[in-house]
Structure formats: structure tokens, C-alpha cells
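See below for the structure under consideration.
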Amino acid sequence: MPRNYSARVFLTAVALVSPFAATIADEKTPPVKDAAAKEILEGHSLHGEVFNEGPRQAAYLMKGVGAIRFDVTTKSEEARAFVLQGIGQLHGFWYFESERSFRQAAMLDPDCAIAYWGMAYSNRKNAERAKGFIKEAMDRKDKASPREQRYIEAYDRYVKAKSGTSDEKKKRAEKYISDLEELLFEFPDDIDAKAFLCEYFWSARREGVKMISYLAVDALIQDVLDVEPLHPVHHYRIHLWDTKKAAKALESAARCGLAAPQIAHMWHMPGHIYSRLKRYHDAVYQQEASARVDHAHMMKDLVLPDQIHNFAHNNEWCIRNLIHIGRVNDAIALSQNMMSLPRHPKYNHIGKSGSFKYGRQRLLDVLRAYELHDQLIALCQTPYLEECGNGTEDLKRNRYLAAALTATGNPEKATAIQQDIQTLLDQEKKKQKAAGDKAQKEAEKTKKDVKKARSTAEGKHRSRVRDLERAVQEIDGRIAASKGKFDEALELFKKATGVPVEDQVAVMLQAGKTDDAVKKIASHVGSNRGEVRPLAAQVETLWAAQKKDEAKTAFEQLRKISSTLDQDVPTFARLKPIAMELGFGDDWRTDAVVASDIGARPPLDSLGPLHWRPVAAPDWSLADVENQPRSLSDYRGKPVVMIFYLGFGCLHCAKQLQNFAPETEKFREAGIDVIAVSTDEQKLLGRAYEDLDDGFPFPLVSDADLNVFKKYRCYDDFENQPLHGTFLVDGEGRIRWQDISYEPFMDPDYVLKEAQRLLGQDAIVSTPLSEQVTSTR
């Protein structure tokens with residue numbers, strides 16, 4: 001019989017009546033013979049599937065999540081505080097943590113209806129979970145105030161409304177707007193209702209609702225700020241004006257981070273406005289602040305970075321802006337840091353817009369933009385830029401690699417890449433034709449529009465064919481340029497698209513097309529105002545064209561935004577002779593001029609680390625099946641995979657252990673040990689061996705009091721029950737990878753491959769880049 005079986009059956013029945021009212025009982029709790037009761041799998045929530053996912057560890061009260069004035073119906077002052085915190089987090093789009101705060105409130109007061117509304121609203125992008133939570137709120141709405149009932153009923157109608165077509169989505173959105181307005185007619189002093197309405201006016205555009213008046217929405221935002229000047233509604237004003245008239249949100253840009261400094265996204269948002277206004281240094285401050293706040297939170301609370309949905313978006317945009325202002329080394333470092341984060345099949349992989357994909361894209365971008373060819377070639381031989389199995393991303397990587405190889409005098413290697421891509425192109429064209437032929441035959445049989453059917457079928461391959469063709473054209477152009485065939489190269493670049501303008505202009509100069517080069521770079525600078533790379537190329541181009549006065553003017557423009565650029569990278573190092581002749585000196589950068597409208601800014605270092613770092617794994621000492629002590633310190637100097645499982649009676653835990661057992665030798669060959677931590681008492685550990693003739697090839701240890709489970713956050717604080725966990729701890733005792741869930745992680749091959757990648761990156765970081773470059777030549 002599984003451990004705590006009778007207790008879980010009993011609590012299943014209780015949970016059917018009152019979620020969050022139950023806690024795990026002791027093993028002596030008598031079973032309930034209720035037909036409605038059924039066994040719940042270990043690790044699963046007692047309250048139903050909707051509670052399985054999301055944060056299951058306790059919230060704590062934070063400072064700096066927004067000044068919220070919201071009446072809450074509850075007898076618990078602590079629950080009230082967590083509801084207010086959750087609403088502030090909602091306004092900051094920190095949905096993972098807002099759900100946690102509302103769960104905490106519901107644990108403290110299971111009848112607090114608005115807490116379940118908050119859980120639902122935290123899942124705006126997960127309709128099924130939102131429906132499950134809002135049902136709980138509706139079940140308790142009679143215990144809420146009339147005002148809270150308005151919130152609950154409005155969102156209940158929203159999540160239940162039909163949304164299969166554009167018209168249905170629009171009607172649903174219009175009804176929700178109307179419901180929020182009705183709430184405000186009855187409760188005109190509810191500033192948070194005004195804030196939510198302002199946000200929804202903006203987001204409802206995606207559901208087909210037109211913004212009738214930006215000024216009217218802005219006036220409603222000002223109503224909120226007149227009452228609470230540092231309300232997080234500053235966030236919504238930035239969204240409102242971002243694409244319409246960004247300067248209208250400058251005041252909110254200066255105050256947004258200060259309104260909720262504990263919420264990373266509130267620091268990120270002003271970056272929208274500053275980027276739109278080409279004030280990239282100011283944008284980078286905001287985005288760097290956001291990254292630091294996120295990193296500090298994740299490292300403190302053992303949250304996987306990509307569990308925060310908008311985290312990777314901030315960091316990749318920060319890198320783009322670092323590229324714009326010439327902080328090349330920081331852009332590379334942050335890109336590599338993004339790629340070094342734990343990957344996960346749910347949260348962070350090449351097919352998802354997360355840290356891995358964004359980090360890879362931005363790393364390639366910065367290396368290409370600043371002609372760091374040797375670094376690009378070297379990193380393509382490492383886990384950072386090796387082929388990843390995604391056709392689109394690998395094509396980009398190989399296209400850029402071929403360009404770098406040509407630039408460093410290796411056209412033969414570039415030709416080999418071109419031939420591989422040409423083979424892929426030929427194969428794709430065959431697939432395209434076969435798809436068209438098949439569609440045509442089917443259309444002829446059914447007397448449908450043959451031309452349309454063929455075009456539709458072939459169209460599914462058109463984008464891939466185009467991308468492959470353009471890659472071949474660029475590589476051919478690079479090779480042609482290396483052979484002095486500049487006119488041919490320029491024609492190929494024109495067809496390829498995506499070739500950096502700075503590279504095209506350099507070939508124009510080599511082709512003797514000086515006027516064309518001057519004109520093209522001037523247009524590029526005009527289209528990319530505030531960016532240092534185009535200006536540097538313009539200085540070089542004008543100087544080469546003997547237009548020294550114009551070159552000086554361009555250089556002066558560059559110097560105005562040069563305060564933080566890295567002079568040692570090739571594109572800026574080449575300007576040194578020009579700077580000396582113009583009298584700008586060896587270090588031609590100038591100090592930044594601080595704008596007067598940015599508001600108070602805390603030192604960035606006070607907010608957290610710029611780069612995410614693995615944290616120390618909590619130490620432990622536990623008894624194994626022979627009642628001998630084992631501890632994490634035994635593995636010092638050697639990585640270990642730790643599996644937290646929920647006892648011998650947990651069938652899906654047994655399946656996990658059986659999955660990992662045959663692969664143990666592969667882990668050992670890779671220099672990685674495996675150990676499993678059980679909820680069983682020490683005397684019962686041996687029961688786990690019963691299903692394997694030869695026993696387990698790795699040790700099992702007992703954590704019956706669950707202290708180690710809790711230290712590693714493999715524990716549901718709301719329901720007082722252990723959770724499944726799988727961790728990789730490196731030889732320095734740091735947690736490098738984790739999975740904490742209501743289900744055990746079943747894929748040992750994934751864990752092994754990810755462990756090898758993460759640990760392999762350590763060796764790359766510790767090797768000087770010069771040695772990496774030399775080894776690839």
C-alpha cells in the first residue's frame with residue numbers, strides 16, 4: 001500500500017468540498033469509504049488538476065510590488081495582504097508570482113473568493129486553468145462583497161464565452177469592457193478597476209476591438225495617478241502610447257520601475273519608450289535593471305528562469321540595445337549567459353521563444369554585426385553555436401559561419417557549407433513539386449480549383465525554399481567578393497537580402513562605386529538613428545571617399561553616443577587613425593549626457609546580478625538502505641543527479657527509477673553519479689528493490705521527515721505534501737538543472753544530454769578565447 005494512501009483518500013473527499021481547507025493527515029487517518037473519493041496520484045493536488053501546475057511553494061510578503069488600494073472580503077489580515085500583493089503583481093504581468101500570492105491567500109482563508117479570481121486572472125493565457133480557478137471563485141461569490149462579485153462574474157463570463165471566431169472574440173472582449181464599466185458605474189472610486197479597464201482597452205485590440213480614443217484612456221489612467229501617483233498603472237500608460245506617440249509616456253517611463261521595484265517587468269517597460277525614441281542608453285539601463293531583478297528573484301527562490309514568461313524577451317531586447325550602443329562584450333556575455341541557462345522540454349528549448357533560442361540568435365547577431373569572425377567560427381565548434389536540429393536556426397548559423405570563414409580567408413570551407421545548403425535546397429524543391437503534383441491530382445479528381453490547390457500545397461514549402469536560396473546567394477556573393485568579383489557579389493547580395501549594409505558598402509568601395517557607397521550608408525544611418533555601428537561605417541566610408549569634412553561631422557555624431565562602446569572591437573579599432581588625424585585622440589569616446597527626464601535611478605548593482613548564476617545546493621546527510629550515512633559532500637568534485645521520489649508505493653516514481661536505472665552506466669561514463677532521495681522511512685527503502693532482480697545501480701536514501709525535500713522546494717506548502725524532483729548538482733555543489741513537478745521527470749537521456757552540455761560549457765568558459773580560435777584554424 002502506498003505511503004499515506006489512507007490519508008490521501010480521506011483528503012480527496014475533503015477536497016471535493018473545500019479546496020485549501022485540507023492538509024496532509026498522519027498515516028493513522030482512517031480511510032473514507034465515499035463513492036466520490038478516489039486515490040490521487042502522489043504529487044498531484046488534492047484539489048483537482050487545475051492546481052497541479054503553477055507555483056506550489058509558499059509565497060512571502062514582498063516590499064515594492066505596487067501601491068494597491070483594494071477592499072478584500074476576508075477575516076484574515078494576512079490573506080488580505082497577499083491579495084493586495086497579487087493584484088500588484090498582476091499589474092506588473094508577473095503572473096507566476098501573482099498566482100502564488102493568491103494561492104497563499106486562499107490557504108489562509110479558503111473562503112476568500114477574490115483570491116480564486118486572482119488565480120484565474122493570473123492564467124489569462126491558459127484558458128483551461130482560468131476556467132477551473134474562476135469556478136472556485138464563483139462557488140464562493142456569495143461570501144464576497146458586491147464589488148468583488150462584479151469582478152468574479154465579469155471574468156467568469158469572459159472565460160466561458162465563445163471565442164472560436166474573430167467575431168466571437170470581439171463580442172467577448174466588448175462584453176468584458178462593458179462589465180468593467182458597469183463595475184465602475186457602481187463603484188467609481190475603485191482605482192484598480194480603472195487600471196484593469198485601461199489595460200484591457202489596449203490588449204483587446206488583439207481581439208478586434210478598436211481603440212476609440214487614446215486620450216480618453218490616458219485620462220482614465222491619470223484618474224488613478226491623481227489618487228495614487230506611484231500606482232503600477234504607469235505600466236499601462238507605456239503600453240498605450242508605445243506605438244502611437246511614445247513621448248506621451250515619458251513621465252510614466254521615469255516612474256514605472258519605482259512604482260513596483262520588486263517586479264522586473266516594471267523596470268523593463270520604460271525600455272519600450274526609450275527604444276522607440278532611439279534613446280538606447282536609457283533603454284539599456286531599464287532592461288539591465290529588469291534582468292538583475294529577475295535574476296535575483298530566480299536565484300533566491302530556486303525558480304527556473306524561463307518559468308517567468310517575459311524574462312527571456314527582456315534579456316534579448318537588452319542585447320539588441322547593447323548592440324546599438326556598442327557594448328559588444330556585454331552583449332556577447334549576456335547572450336552566452338542566456339544560452340547557459342538550464343534548458344527544459346517545457347520551458348526553454350529551440351522551438352520556443354525562450355532563453356536558448358533568443359540567446360543563440362542574439363549571439364550570432366552581435367558577432368556578425370561587429371565582424372568578430374574568429375569568435376563566431378570558434379563558438380560554432382562549441383555547445384553555444386553547434387547545430388541544434390532546428391532547420392531555421394541551423395540555416396542562419398551556417399549562413400553566418402560561411403560568411404565568417406570567407407572573411408578569414410577560408411573560402412573552401414565556406415564552399416563546403418554552400419554545397420550542403422544547395423543540397424537541402426534541391427531536396428526542398430523536390431518536396432515542393434511532389435506536394436504540388438499530389439494536390440493537383442486530388443483537385444482534378446474532386447473537380448476543385450487545380451491552380452489554387454497546387455499553389456496552396458507548394459506554398460507550404462515556399463518560405464523554406466526562399467530562405468535556402470538566400471543563404472546560397474549570400475555565400476556565393478561572399479566567395480565572389482573574395483575573388484575580386486565585386487559587381488557579381490553586389491548583385492548576389494541584393495538577391496539574398498539580409499546582408500549587413502555595412503558589408504555591402506565595403507564591397508561597393510572595393511568595386512569603385514564610391515558615390516553609391518556614400519549614398520547607401522547615409523540612408524542606413526538615417527534609418528537607424530542612435531546606433532553606433534552604422535555611424536562607424538559611415539565615418540569609414542566618407543573617409544575612404546576623401547570626404548573628410550563630412551567624415552568629421554559623422555564622427556562627431558558618433559562620439560555623442562559613444563560613452564560605453566568597446567573601442568577594441570574591429571569596427572571601432574579601425575577608426576583610431578582617423579580619430580588621431582581629426583584630433584579626437586586615442587580614446588575618442590565622450591562622457592554621456594544624463595537626460596533630465598529619467599527620474600531617480602538606483603545603482604544597478606543594488607538590484608541584483610547582471611548574469612544568472614547557479615546557486616549552492618543545500619547540503620544534506622541521510623541514511624541509505626544499509627543504514628549508512630550518505631551526504632551531498634560525498635560528491636564534492638563530481639556532479640550528481642538527485643532524484644526525489646515519493647516512496648516505493650508511488651507507481652509513477654517506480655517507473656522513473658526504472659527508467660534511470662538502465663542508463664546509470666552512461667551517466668557514470670560521463671563522470672556523473674546518480675542518487676535517489678525517498679520519502680520512505682529508512683527501514684522501508686529496500687522495498688524499492690523488489691521490482692528489479694539486480695537491485696538499483698545507484699543508492700537510495702531516506703528523507704522520511706521531508707526536511708531535504710523542503711530545502712530543495714520539492715514540497716507543496718499549500719497542501720503539505722512532497723513533490724517529485726530531479727536535480728543536477730555539479731562538482732562545486734551548485735544546482736545546474738532542475739525539474740520540480742506533480743509528475744516525475746521520466747527522460748534520463750534528456751537529463752544526461754543537458755548535463756553534458758551544461759558541464760561542457762564550464763570548460764569553454766575557462767578556456768581563453770584565443771586558444772579556442774587557434775584550435776579551430
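Letters A, B, ... go to the chains of the C-alpha cells in the order shown; residues in each chain start at 1; ligands are counted from 1 in the same order.
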
| task | Would you mind listing what lies within 10 Å of Leu372 (chain A) as number ranges by chain, with only C-alpha atoms counted and same-chain residues fewer than 6 positions away left out? | result | A: 328, 364, 366, 404, 407, 569-571

| field | Within 9 Å of Ala296 (chain A) using only C-alpha atoms, minus same-chain residues under 6 positions, as a ChimeraX atom specification | value | /A:607-609,612

Based on the selection just made, write C-alpha atoms of those residues as a short mmCIF file (atom, residue, chain, number, x, y, z; two decimals), in the first residue's frame.
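See part.cif below for the written result:
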data_model
loop_
_atom_site.label_atom_id
_atom_site.label_comp_id
_atom_site.auth_asym_id
_atom_site.auth_seq_id
_atom_site.Cartn_x
_atom_site.Cartn_y
_atom_site.Cartn_z
CA LEU A 607 19.12 45.39 -7.89
CA GLY A 608 20.82 42.06 -8.48
CA PRO A 609 23.40 40.36 -10.73
CA TRP A 612 22.08 34.43 -13.79
#

| query | Smallest atom-to-atom distance to Asp71 (chain A): which of A:Gln567, A:Ser275, A:Gln557, A:Ser145, using only C-alpha atoms? | reply |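 When distances to Asp71 (chain A) are compared using only C-alpha atoms, the smallest one comes from A:Ser145.
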
Return as a Markdown table the residues of region 632-745 of chain A lying at most 12 Å from region 35-58 of chain A, together with the closest atom-to-atom pair for each and the distance in Å to one decimal, counting only C-alpha atoms, with rows in chain order and ascending residue number.
| residue | atom | partner | partner_atom | distance |
| --- | --- | --- | --- | --- |
| A:Phe644 | CA | A:Gly43 | CA | 11.1 |
| A:Tyr645 | CA | A:Glu42 | CA | 9.4 |
| A:Leu646 | CA | A:Glu42 | CA | 6.8 |
| A:Gly647 | CA | A:Glu42 | CA | 9.1 |
| A:Phe648 | CA | A:Glu42 | CA | 11.0 |
| A:Gly649 | CA | A:Glu42 | CA | 9.1 |
| A:Cys650 | CA | A:Glu42 | CA | 6.3 |
| A:Leu651 | CA | A:Leu41 | CA | 8.6 |
| A:His652 | CA | A:Glu42 | CA | 8.4 |
| A:Cys653 | CA | A:Glu42 | CA | 8.6 |
| A:Ala654 | CA | A:Glu42 | CA | 11.6 |
| A:Thr679 | CA | A:Glu42 | CA | 11.1 |
| A:Phe709 | CA | A:Gln57 | CA | 11.6 |
| A:Lys710 | CA | A:Gln57 | CA | 9.3 |
| A:Lys711 | CA | A:Gln57 | CA | 11.1 |
| A:Tyr712 | CA | A:Gln57 | CA | 10.6 |
| A:Arg713 | CA | A:Gln57 | CA | 6.8 |
| A:Cys714 | CA | A:Gln57 | CA | 8.4 |
| A:Tyr715 | CA | A:Gln57 | CA | 6.7 |
| A:Asp716 | CA | A:Arg56 | CA | 4.9 |
| A:Asp717 | CA | A:Gln57 | CA | 5.0 |
| A:Phe718 | CA | A:Arg56 | CA | 6.6 |
| A:Glu719 | CA | A:Leu46 | CA | 7.5 |
| A:Asn720 | CA | A:Gln57 | CA | 9.7 |
| A:Gln721 | CA | A:Gly43 | CA | 7.2 |
| A:Pro722 | CA | A:Gly43 | CA | 6.4 |
| A:Leu723 | CA | A:Gly43 | CA | 4.8 |
| A:His724 | CA | A:Gly43 | CA | 6.4 |
| A:Gly725 | CA | A:Gly43 | CA | 10.0 |
| A:Ile740 | CA | A:Arg56 | CA | 9.6 |
| A:Ser741 | CA | A:Gly43 | CA | 7.3 |
| A:Tyr742 | CA | A:Gly43 | CA | 4.3 |
| A:Glu743 | CA | A:Gly43 | CA | 6.5 |
| A:Pro744 | CA | A:Gly43 | CA | 8.6 |

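For Arg343 (chain A), the set of protein, DNA and RNA residues having any atom at most 9 Å away, when counting only C-alpha atoms and skipping those fewer than 2 positions along the same chain, is Asp306, Met339, Ser340, Leu341, Pro345, Lys346, Tyr347, Asn348, His349, Ser355, Phe356, Trp737 and Glu754 of chain A.
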
| request: Once DSSP has gone over the backbone, tell me which residues of region 268-375 of chain A are in helix (DSSP H, G or I), as a PyMOL selection string. | output: chain A and resi 268+270-276+280-301+305-307+311-325+328-340+355-369+373-375

| Length of the CA of Asn310 (chain A) to CA of Glu386 (chain A) vector [Å] | 26.0 Å

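From CA of Val465 (chain A) back to CA of Leu492 (chain A), the distance works out to 16.4 Å.
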
| In region 625-734 of chain A, DSSP strand (DSSP E or B) residues written as a list in words |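 DSSP-assigned strand (DSSP E or B) residues in region 625-734 of chain A: Pro629, Arg630, Ser631, Val640, Val641, Met642, Ile643, Phe644, Tyr645, Asp673, Val674, Ile675, Ala676, Val677, Ser678, Leu700, Val701, Ser702, Tyr715, Asp716, Gln721, Pro722, His724, Gly725, Thr726, Phe727, Leu728, Val729 and Arg734 of chain A.
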
I need the residues from that last selection saved to file as a CSV table (one decimal), in the first residue's frame (with N, CA, C and O atoms), if you can.
chain,number,residue,atom,x,y,z
A,629,PRO,N,25.4,6.4,6.5
A,629,PRO,CA,25.1,7.8,6.2
A,629,PRO,C,25.7,8.2,4.8
A,629,PRO,O,26.8,7.7,4.5
A,630,ARG,N,25.0,8.9,4.0
A,630,ARG,CA,25.5,9.5,2.8
A,630,ARG,C,25.2,11.0,2.8
A,630,ARG,O,24.1,11.4,3.3
A,631,SER,N,26.0,11.8,2.2
A,631,SER,CA,25.8,13.2,2.2
A,631,SER,C,26.1,13.8,0.8
A,631,SER,O,26.9,13.2,0.0
A,640,VAL,N,26.4,15.1,-9.7
A,640,VAL,CA,25.5,14.1,-9.3
A,640,VAL,C,24.1,14.4,-9.7
A,640,VAL,O,23.7,15.6,-9.5
A,641,VAL,N,23.3,13.5,-10.1
A,641,VAL,CA,21.9,13.7,-10.4
A,641,VAL,C,21.1,13.2,-9.2
A,641,VAL,O,21.3,12.0,-8.7
A,642,MET,N,20.3,14.0,-8.6
A,642,MET,CA,19.5,13.7,-7.4
A,642,MET,C,18.0,13.5,-7.9
A,642,MET,O,17.5,14.4,-8.5
A,643,ILE,N,17.4,12.4,-7.6
A,643,ILE,CA,16.0,12.1,-7.9
A,643,ILE,C,15.3,12.1,-6.6
A,643,ILE,O,15.6,11.3,-5.7
A,644,PHE,N,14.3,12.9,-6.4
A,644,PHE,CA,13.4,12.9,-5.2
A,644,PHE,C,12.1,12.2,-5.6
A,644,PHE,O,11.4,12.6,-6.5
A,645,TYR,N,11.9,11.0,-5.0
A,645,TYR,CA,10.8,10.2,-5.3
A,645,TYR,C,9.9,10.0,-4.1
A,645,TYR,O,10.4,10.0,-2.9
A,673,ASP,N,27.4,10.9,-11.1
A,673,ASP,CA,26.7,9.9,-10.3
A,673,ASP,C,25.2,10.1,-10.2
A,673,ASP,O,24.7,11.2,-10.6
A,674,VAL,N,24.5,9.1,-9.7
A,674,VAL,CA,23.1,9.2,-9.5
A,674,VAL,C,22.7,8.8,-8.1
A,674,VAL,O,23.3,7.8,-7.6
A,675,ILE,N,21.8,9.4,-7.4
A,675,ILE,CA,21.3,9.0,-6.1
A,675,ILE,C,19.8,9.4,-6.1
A,675,ILE,O,19.4,10.4,-6.7
A,676,ALA,N,19.1,8.6,-5.3
A,676,ALA,CA,17.6,8.9,-5.2
A,676,ALA,C,17.3,9.1,-3.7
A,676,ALA,O,17.7,8.4,-2.9
A,677,VAL,N,16.5,10.1,-3.5
A,677,VAL,CA,16.0,10.5,-2.1
A,677,VAL,C,14.6,10.1,-2.0
A,677,VAL,O,13.7,10.6,-2.8
A,678,SER,N,14.2,9.4,-1.0
A,678,SER,CA,12.9,8.8,-0.9
A,678,SER,C,12.2,9.4,0.3
A,678,SER,O,12.8,9.8,1.3
A,700,LEU,N,19.9,4.6,-2.7
A,700,LEU,CA,18.6,5.2,-2.2
A,700,LEU,C,18.8,5.7,-0.8
A,700,LEU,O,19.4,4.9,0.0
A,701,VAL,N,18.4,6.8,-0.5
A,701,VAL,CA,18.5,7.3,0.9
A,701,VAL,C,17.1,7.8,1.4
A,701,VAL,O,16.2,8.2,0.6
A,702,SER,N,16.9,7.8,2.7
A,702,SER,CA,15.6,8.1,3.3
A,702,SER,C,15.6,9.6,3.8
A,702,SER,O,16.5,10.0,4.5
A,715,TYR,N,8.2,20.4,-2.5
A,715,TYR,CA,7.2,20.3,-1.4
A,715,TYR,C,6.1,21.3,-1.7
A,715,TYR,O,6.4,22.5,-2.0
A,716,ASP,N,4.9,20.9,-1.6
A,716,ASP,CA,3.7,21.8,-1.7
A,716,ASP,C,3.4,22.3,-0.4
A,716,ASP,O,2.8,21.7,0.5
A,721,GLN,N,2.4,18.5,1.2
A,721,GLN,CA,2.8,17.2,0.7
A,721,GLN,C,4.0,17.3,-0.2
A,721,GLN,O,4.3,18.4,-0.8
A,722,PRO,N,4.8,16.2,-0.3
A,722,PRO,CA,6.0,16.3,-1.1
A,722,PRO,C,5.7,16.2,-2.6
A,722,PRO,O,4.7,15.8,-3.1
A,724,HIS,N,7.6,15.6,-6.7
A,724,HIS,CA,8.7,15.0,-7.4
A,724,HIS,C,9.7,16.0,-7.8
A,724,HIS,O,9.4,17.2,-8.1
A,725,GLY,N,11.0,15.6,-7.8
A,725,GLY,CA,12.1,16.5,-8.2
A,725,GLY,C,13.2,15.7,-8.8
A,725,GLY,O,13.5,14.6,-8.4
A,726,THR,N,13.9,16.4,-9.8
A,726,THR,CA,15.1,15.8,-10.4
A,726,THR,C,16.1,17.0,-10.5
A,726,THR,O,15.7,18.0,-11.1
A,727,PHE,N,17.3,16.8,-10.0
A,727,PHE,CA,18.3,17.9,-10.0
A,727,PHE,C,19.6,17.4,-10.5
A,727,PHE,O,20.0,16.2,-10.3
A,728,LEU,N,20.4,18.3,-11.1
A,728,LEU,CA,21.8,18.1,-11.4
A,728,LEU,C,22.6,19.0,-10.6
A,728,LEU,O,22.4,20.3,-10.6
A,729,VAL,N,23.4,18.5,-9.7
A,729,VAL,CA,24.3,19.3,-8.9
A,729,VAL,C,25.7,19.1,-9.4
A,729,VAL,O,26.2,17.9,-9.5
A,734,ARG,N,26.7,23.1,-6.9
A,734,ARG,CA,25.7,24.1,-7.4
A,734,ARG,C,24.6,23.4,-8.2
A,734,ARG,O,24.9,22.5,-9.0

| region 137-143 of chain A environment, 7 Å, only C-alpha atoms, sequence neighbours closer than 4 positions dropped, as a list of chain:residue names |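 Answer for this query is A:Asp111, A:Ala113, A:Ile114, A:Tyr116, A:Trp117, A:Phe133, A:Gln149, A:Ile152.
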
| task | Could you tell me which of A:Asp605, A:Asp226, A:Glu556, A:Asp703 comes closest to Glu288 (chain A) if we count only C-alpha atoms? | result |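 Answer, going by the shortest atom-to-atom distance: A:Asp605.
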
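For the pair CA of Asp516 (chain A) and CA of Val501 (chain A), the interatomic distance is 12.0 Å.
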
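Shortest separation to Lys433 (chain A) among A:Glu531, A:Asp242, A:Glu458, A:Asp549 occurs at residue A:Glu458, atoms counted being only C-alpha atoms.
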
| Smallest atom-to-atom distance to Val159 (chain A): which of A:Phe745, A:Tyr121, A:Tyr236, A:Trp94, using only C-alpha atoms? |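 Looking at the shortest contact to Val159 (chain A), the residue is A:Tyr121.
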
| Selected residue of minimal separation from Ile561 (chain A) among A:Ala704, A:Val518, A:Val532, A:Leu183, counting only C-alpha atoms | A:Val532
